[in-house]
Amino acid sequence: MILDIVKYGDALLTKRADEVTEFDSKLHKLVDDMFETMYGAPGVGLAAPQVGVLKRLFIMDCSSGKNKNQKVALINPIIEVEEGEQIGDEGCLSFPGIFVQVKRPQRVVVRAQDLNGGSFDLDVLDLEARCVSHETDHLDGDLFIEYLSPLKRDLLKRRIKKRIRDGEW
Ligand SMILES: [Zn+2]
C-alpha cells in the first residue's frame, strides 16, 4: 500500500521519533508499505516520520531496485563511525523538487536492528553514507535544510511558503 508522504511544514518532521520495541507483523507491514511508497515516489531513502509514524526506522535502496543487496531496513539505527566528507546535491521526499548541496561524511558505519530484532552493522560509502546520515537525521527531527547557511535557508523557506500558498506543495 502506498502511504502519504508528509511534507515540510508538518510539525511531525521536526519531532524526535521513539524506539521501536515491537518486532511484529505490524512493523513488517509498515516496512513493506514504506518500500512500495519509496520506489513509487521514486526515492532512495525514506524514514518512518515521513509517512507519519514517529518510530526510529528507515529504509533505503540506493540502487533503486536494481541490486537486492542494497535494499535494507534499519530499525533503531545508531551511527557508530563517521569518516571523511563529501559535498553533493541532496533531495528529500518531504521536499518535492528541492535539491541543495549538503556536506555529509564519506563513510558511515551504523548499527541497527533488522525486522526480527537481530542487530547488524552496515558499513557504507558515498551515496549510501549520505543516505544513512540524512535518514538518521529524520529520526531526530533534523532536516537537510538545517545544513544550509541561514541566508540560503531563509530563501528556500520563502520559496516553499510561496508554493504552499499557491497550492503547489
Ligand atoms: Zn529526507
# chains A, B, ... in the order shown; residues from 1 in each chain; ligands from 1

$ closest_atom_pairs --of "chain A" --to "ligand 1" --cutoff "12 Å" --atoms "only C-alpha atoms and all ligand atoms" --output "CSV"
residue,atom,partner,partner_atom_place_in_ligand_line,distance
A:Ile5,CA,ligand 1,1 (Zn),10.4
A:Val6,CA,ligand 1,1 (Zn),10.2
A:Lys7,CA,ligand 1,1 (Zn),9.5
A:Tyr8,CA,ligand 1,1 (Zn),9.5
A:Leu13,CA,ligand 1,1 (Zn),9.3
A:Thr14,CA,ligand 1,1 (Zn),11.5
A:Met38,CA,ligand 1,1 (Zn),11.1
A:Gly43,CA,ligand 1,1 (Zn),9.5
A:Val44,CA,ligand 1,1 (Zn),9.7
A:Gly45,CA,ligand 1,1 (Zn),7.3
A:Leu46,CA,ligand 1,1 (Zn),6.6
A:Ala47,CA,ligand 1,1 (Zn),7.2
A:Ala48,CA,ligand 1,1 (Zn),10.3
A:Pro49,CA,ligand 1,1 (Zn),9.6
A:Gln50,CA,ligand 1,1 (Zn),7.5
A:Val51,CA,ligand 1,1 (Zn),11.0
A:Phe58,CA,ligand 1,1 (Zn),10.2
A:Ile59,CA,ligand 1,1 (Zn),11.2
A:Met60,CA,ligand 1,1 (Zn),11.1
A:Glu90,CA,ligand 1,1 (Zn),8.9
A:Gly91,CA,ligand 1,1 (Zn),6.9
A:Cys92,CA,ligand 1,1 (Zn),3.8
A:Leu93,CA,ligand 1,1 (Zn),5.7
A:Ser94,CA,ligand 1,1 (Zn),5.9
A:Phe95,CA,ligand 1,1 (Zn),7.5
A:Pro96,CA,ligand 1,1 (Zn),10.0
A:Ile98,CA,ligand 1,1 (Zn),10.8
A:Phe99,CA,ligand 1,1 (Zn),10.9
A:Val100,CA,ligand 1,1 (Zn),11.9
A:Arg130,CA,ligand 1,1 (Zn),10.8
A:Cys131,CA,ligand 1,1 (Zn),8.6
A:Val132,CA,ligand 1,1 (Zn),10.3
A:Ser133,CA,ligand 1,1 (Zn),9.9
A:His134,CA,ligand 1,1 (Zn),6.2
A:Glu135,CA,ligand 1,1 (Zn),6.0
A:Thr136,CA,ligand 1,1 (Zn),9.2
A:Asp137,CA,ligand 1,1 (Zn),8.3
A:His138,CA,ligand 1,1 (Zn),6.5
A:Leu139,CA,ligand 1,1 (Zn),10.0
A:Asp140,CA,ligand 1,1 (Zn),11.7
A:Gly141,CA,ligand 1,1 (Zn),10.3
A:Asp142,CA,ligand 1,1 (Zn),9.2
A:Leu143,CA,ligand 1,1 (Zn),6.8
A:Phe144,CA,ligand 1,1 (Zn),7.0
A:Ile145,CA,ligand 1,1 (Zn),9.8
A:Glu146,CA,ligand 1,1 (Zn),11.8

$ residues_around --residues "A:Lys71" --least-positions-apart "6" --cutoff "9 Å" --atoms "only C-alpha atoms" --output "tab-separated table (two decimals) with C-alpha atoms, in the first residue's frame"
chain	number	residue	atom	x	y	z
A	35	PHE	CA	9.34	0.28	0.30
A	59	ILE	CA	14.63	2.11	4.65
A	60	MET	CA	17.00	2.68	1.76
A	61	ASP	CA	17.94	1.31	-1.62
A	62	CYS	CA	20.50	3.43	-3.43
A	63	SER	CA	20.31	1.08	-6.45
A	64	SER	CA	16.61	1.99	-6.94
A	65	GLY	CA	15.58	-1.67	-7.03

$ residues_around --residues "A:Asp24" --least-positions-apart "2" --cutoff "10 Å" --atoms "only C-alpha atoms" --output "MDAnalysis selection string"
chainID A and resid 21:22 26:29 115:117

$ write_last_selection --atoms "C-alpha atoms" --output "PDB file, in the first residue's frame"
ATOM      1  CA  THR A  21      10.125  -2.131  20.670  1.00  0.00           C
ATOM      2  CA  GLU A  22       7.708  -4.494  18.884  1.00  0.00           C
ATOM      3  CA  LYS A  26       2.585  -4.537  12.059  1.00  0.00           C
ATOM      4  CA  LEU A  27       6.233  -3.486  11.742  1.00  0.00           C
ATOM      5  CA  HIS A  28       6.756  -5.848   8.770  1.00  0.00           C
ATOM      6  CA  LYS A  29       3.694  -4.389   7.042  1.00  0.00           C
ATOM      7  CA  LEU A 115      12.890  -6.809  11.164  1.00  0.00           C
ATOM      8  CA  ASN A 116      13.214  -9.594  13.724  1.00  0.00           C
ATOM      9  CA  GLY A 117      15.164  -7.576  16.272  1.00  0.00           C
TER      10      GLY A 117
END

$ select_by_dssp --residues "chain A" --states "helix (DSSP H, G or I)" --output "PyMOL selection string"
chain A and resi 11-14+25-40+48-51+68-70+126-139+144-147+150-165

$ closest_residue --among "A:Ile2, A:Ile164, A:Ala41, A:Ala112" --to "A:Glu19" --atoms "only C-alpha atoms"
A:Ala112

$ atom_distance --atom1 "atom CA of A:Gln113" --atom2 "atom CA of A:Val81"
16.6 Å

$ closest_residue --among "A:Leu12, A:Val108, A:Leu155, A:Ile78" --to "A:Leu57" --atoms "only C-alpha atoms"
A:Ile78

$ closest_atom_pairs --of "stretch 17-93 of chain A" --to "stretch 118-127 of chain A" --cutoff "10 Å" --atoms "only C-alpha atoms" --output "tab-separated table"
residue	atom	partner	partner_atom	distance
A:Phe23	CA	A:Gly118	CA	9.8
A:Val44	CA	A:Leu127	CA	9.4
A:Cys62	CA	A:Leu127	CA	7.0
A:Ser63	CA	A:Leu127	CA	9.8
A:Val72	CA	A:Leu122	CA	9.7
A:Leu74	CA	A:Phe120	CA	9.1
A:Ile75	CA	A:Ser119	CA	9.0
A:Asn76	CA	A:Ser119	CA	9.5
A:Pro77	CA	A:Asp121	CA	9.4
A:Ile78	CA	A:Asp121	CA	9.5
A:Ile79	CA	A:Leu122	CA	9.5
A:Glu80	CA	A:Asp121	CA	9.1
A:Val81	CA	A:Asp123	CA	8.8
A:Glu82	CA	A:Asp123	CA	10.0
A:Glu83	CA	A:Leu125	CA	9.4
A:Gly84	CA	A:Leu125	CA	9.9
A:Glu85	CA	A:Asp126	CA	9.0
A:Gln86	CA	A:Asp126	CA	7.4
A:Ile87	CA	A:Asp126	CA	9.8
A:Gly88	CA	A:Leu127	CA	9.3
A:Glu90	CA	A:Leu127	CA	9.6

$ write_last_selection --atoms "N, CA and C atoms" --output "tab-separated table (two decimals), in the first residue's frame"
chain	number	residue	atom	x	y	z
A	23	PHE	N	8.68	-6.08	17.34
A	23	PHE	CA	9.11	-6.55	16.01
A	23	PHE	C	8.04	-7.51	15.48
A	44	VAL	N	15.44	7.10	-2.85
A	44	VAL	CA	16.41	6.09	-2.43
A	44	VAL	C	16.44	5.89	-0.91
A	62	CYS	N	19.84	2.47	-2.55
A	62	CYS	CA	20.50	3.43	-3.43
A	62	CYS	C	20.66	2.89	-4.84
A	63	SER	N	20.26	1.62	-5.08
A	63	SER	CA	20.31	1.08	-6.45
A	63	SER	C	18.95	1.23	-7.13
A	72	VAL	N	17.57	-2.28	2.16
A	72	VAL	CA	17.75	-2.56	3.58
A	72	VAL	C	16.82	-1.71	4.45
A	74	LEU	N	16.53	-0.36	8.37
A	74	LEU	CA	17.31	-0.17	9.59
A	74	LEU	C	16.39	0.29	10.71
A	75	ILE	N	16.30	-0.56	11.74
A	75	ILE	CA	15.43	-0.27	12.87
A	75	ILE	C	16.33	0.19	14.03
A	76	ASN	N	15.93	1.23	14.72
A	76	ASN	CA	16.71	1.80	15.84
A	76	ASN	C	18.18	2.02	15.48
A	77	PRO	N	18.46	2.66	14.36
A	77	PRO	CA	19.86	2.83	13.94
A	77	PRO	C	20.64	3.77	14.85
A	78	ILE	N	21.92	3.41	15.04
A	78	ILE	CA	22.83	4.29	15.80
A	78	ILE	C	24.10	4.42	14.97
A	79	ILE	N	24.48	5.63	14.64
A	79	ILE	CA	25.70	5.84	13.86
A	79	ILE	C	26.90	5.68	14.78
A	80	GLU	N	27.81	4.77	14.39
A	80	GLU	CA	28.97	4.47	15.23
A	80	GLU	C	30.23	5.16	14.74
A	81	VAL	N	30.36	5.27	13.41
A	81	VAL	CA	31.55	5.90	12.84
A	81	VAL	C	31.13	6.82	11.70
A	82	GLU	N	31.73	8.00	11.67
A	82	GLU	CA	31.58	8.91	10.53
A	82	GLU	C	32.98	9.33	10.13
A	83	GLU	N	33.29	9.22	8.82
A	83	GLU	CA	34.66	9.48	8.37
A	83	GLU	C	34.67	10.28	7.08
A	84	GLY	N	35.60	11.20	6.95
A	84	GLY	CA	35.76	11.96	5.72
A	84	GLY	C	34.58	12.88	5.46
A	85	GLU	N	34.57	13.47	4.25
A	85	GLU	CA	33.40	14.28	3.90
A	85	GLU	C	33.18	14.28	2.40
A	86	GLN	N	31.95	14.53	2.01
A	86	GLN	CA	31.55	14.63	0.61
A	86	GLN	C	30.55	15.77	0.51
A	87	ILE	N	30.63	16.49	-0.60
A	87	ILE	CA	29.67	17.57	-0.83
A	87	ILE	C	28.92	17.23	-2.11
A	88	GLY	N	27.60	17.25	-2.04
A	88	GLY	CA	26.84	16.92	-3.25
A	88	GLY	C	25.39	17.31	-3.12
A	90	GLU	N	21.52	17.01	-2.78
A	90	GLU	CA	20.71	16.10	-1.99
A	90	GLU	C	19.25	16.51	-2.09

$ atom_distance --atom1 "atom CA of A:Leu3" --atom2 "atom CA of A:Pro42"
12.7 Å

$ select_by_dssp --residues "stretch 98-157 of chain A" --states "strand (DSSP E or B)" --output "number ranges by chain"
A: 100-104, 107-113, 119-125

$ write_last_selection --atoms "N, CA, C and O atoms" --output "compact mmCIF listing (two decimals), in the first residue's frame"
# COMPACT_ATOMS: atom_id res chain seq x y z
N VAL A 100 19.57 20.56 -2.77
CA VAL A 100 20.55 21.51 -2.25
C VAL A 100 21.86 20.78 -1.96
O VAL A 100 21.89 19.58 -1.76
N GLN A 101 22.95 21.55 -1.98
CA GLN A 101 24.26 20.97 -1.69
C GLN A 101 24.40 20.79 -0.18
O GLN A 101 24.22 21.75 0.58
N VAL A 102 24.73 19.58 0.21
CA VAL A 102 24.90 19.28 1.63
C VAL A 102 26.21 18.53 1.83
O VAL A 102 26.55 17.63 1.05
N LYS A 103 26.91 18.90 2.89
CA LYS A 103 28.14 18.20 3.25
C LYS A 103 27.79 17.04 4.18
O LYS A 103 27.10 17.24 5.19
N ARG A 104 28.26 15.85 3.83
CA ARG A 104 28.00 14.64 4.64
C ARG A 104 29.28 13.86 4.78
O ARG A 104 30.21 14.01 3.99
N ARG A 107 32.07 8.17 4.69
CA ARG A 107 31.84 6.79 5.16
C ARG A 107 31.07 6.83 6.48
O ARG A 107 31.36 7.68 7.34
N VAL A 108 30.12 5.92 6.59
CA VAL A 108 29.34 5.81 7.82
C VAL A 108 29.25 4.34 8.20
O VAL A 108 29.03 3.48 7.35
N VAL A 109 29.45 4.06 9.48
CA VAL A 109 29.15 2.72 10.00
C VAL A 109 27.97 2.89 10.95
O VAL A 109 28.01 3.73 11.85
N VAL A 110 26.94 2.12 10.70
CA VAL A 110 25.72 2.25 11.51
C VAL A 110 25.36 0.87 12.07
O VAL A 110 25.47 -0.14 11.38
N ARG A 111 24.98 0.86 13.33
CA ARG A 111 24.47 -0.37 13.95
C ARG A 111 22.95 -0.25 14.00
O ARG A 111 22.42 0.81 14.35
N ALA A 112 22.27 -1.31 13.62
CA ALA A 112 20.80 -1.25 13.62
C ALA A 112 20.24 -2.63 13.91
O ALA A 112 20.98 -3.61 13.98
N GLN A 113 18.92 -2.68 14.06
CA GLN A 113 18.24 -3.96 14.22
C GLN A 113 17.50 -4.28 12.93
O GLN A 113 17.08 -3.36 12.20
N SER A 119 20.65 -7.70 15.66
CA SER A 119 21.40 -6.49 15.33
C SER A 119 22.48 -6.76 14.30
O SER A 119 22.98 -7.88 14.17
N PHE A 120 22.78 -5.75 13.50
CA PHE A 120 23.80 -5.86 12.46
C PHE A 120 24.47 -4.51 12.27
O PHE A 120 23.94 -3.48 12.67
N ASP A 121 25.68 -4.56 11.67
CA ASP A 121 26.40 -3.33 11.33
C ASP A 121 26.37 -3.16 9.82
O ASP A 121 26.47 -4.12 9.08
N LEU A 122 26.26 -1.92 9.39
CA LEU A 122 26.31 -1.61 7.96
C LEU A 122 27.41 -0.57 7.78
O LEU A 122 27.42 0.45 8.47
N ASP A 123 28.34 -0.88 6.87
CA ASP A 123 29.50 -0.02 6.64
C ASP A 123 29.40 0.47 5.20
O ASP A 123 29.57 -0.31 4.27
N VAL A 124 29.08 1.74 5.01
CA VAL A 124 28.77 2.22 3.66
C VAL A 124 29.53 3.51 3.31
O VAL A 124 29.97 4.25 4.18
N LEU A 125 29.64 3.73 1.99
CA LEU A 125 30.37 4.87 1.44
C LEU A 125 29.45 5.70 0.54
O LEU A 125 28.41 5.23 0.10

$ atom_distance --atom1 "atom CA of A:Asp114" --atom2 "atom CA of A:Arg56"
12.1 Å

$ closest_residue --among "A:Met1, A:Gly97, A:Ala73, A:Asp18" --to "A:Trp169" --atoms "only C-alpha atoms"
A:Gly97
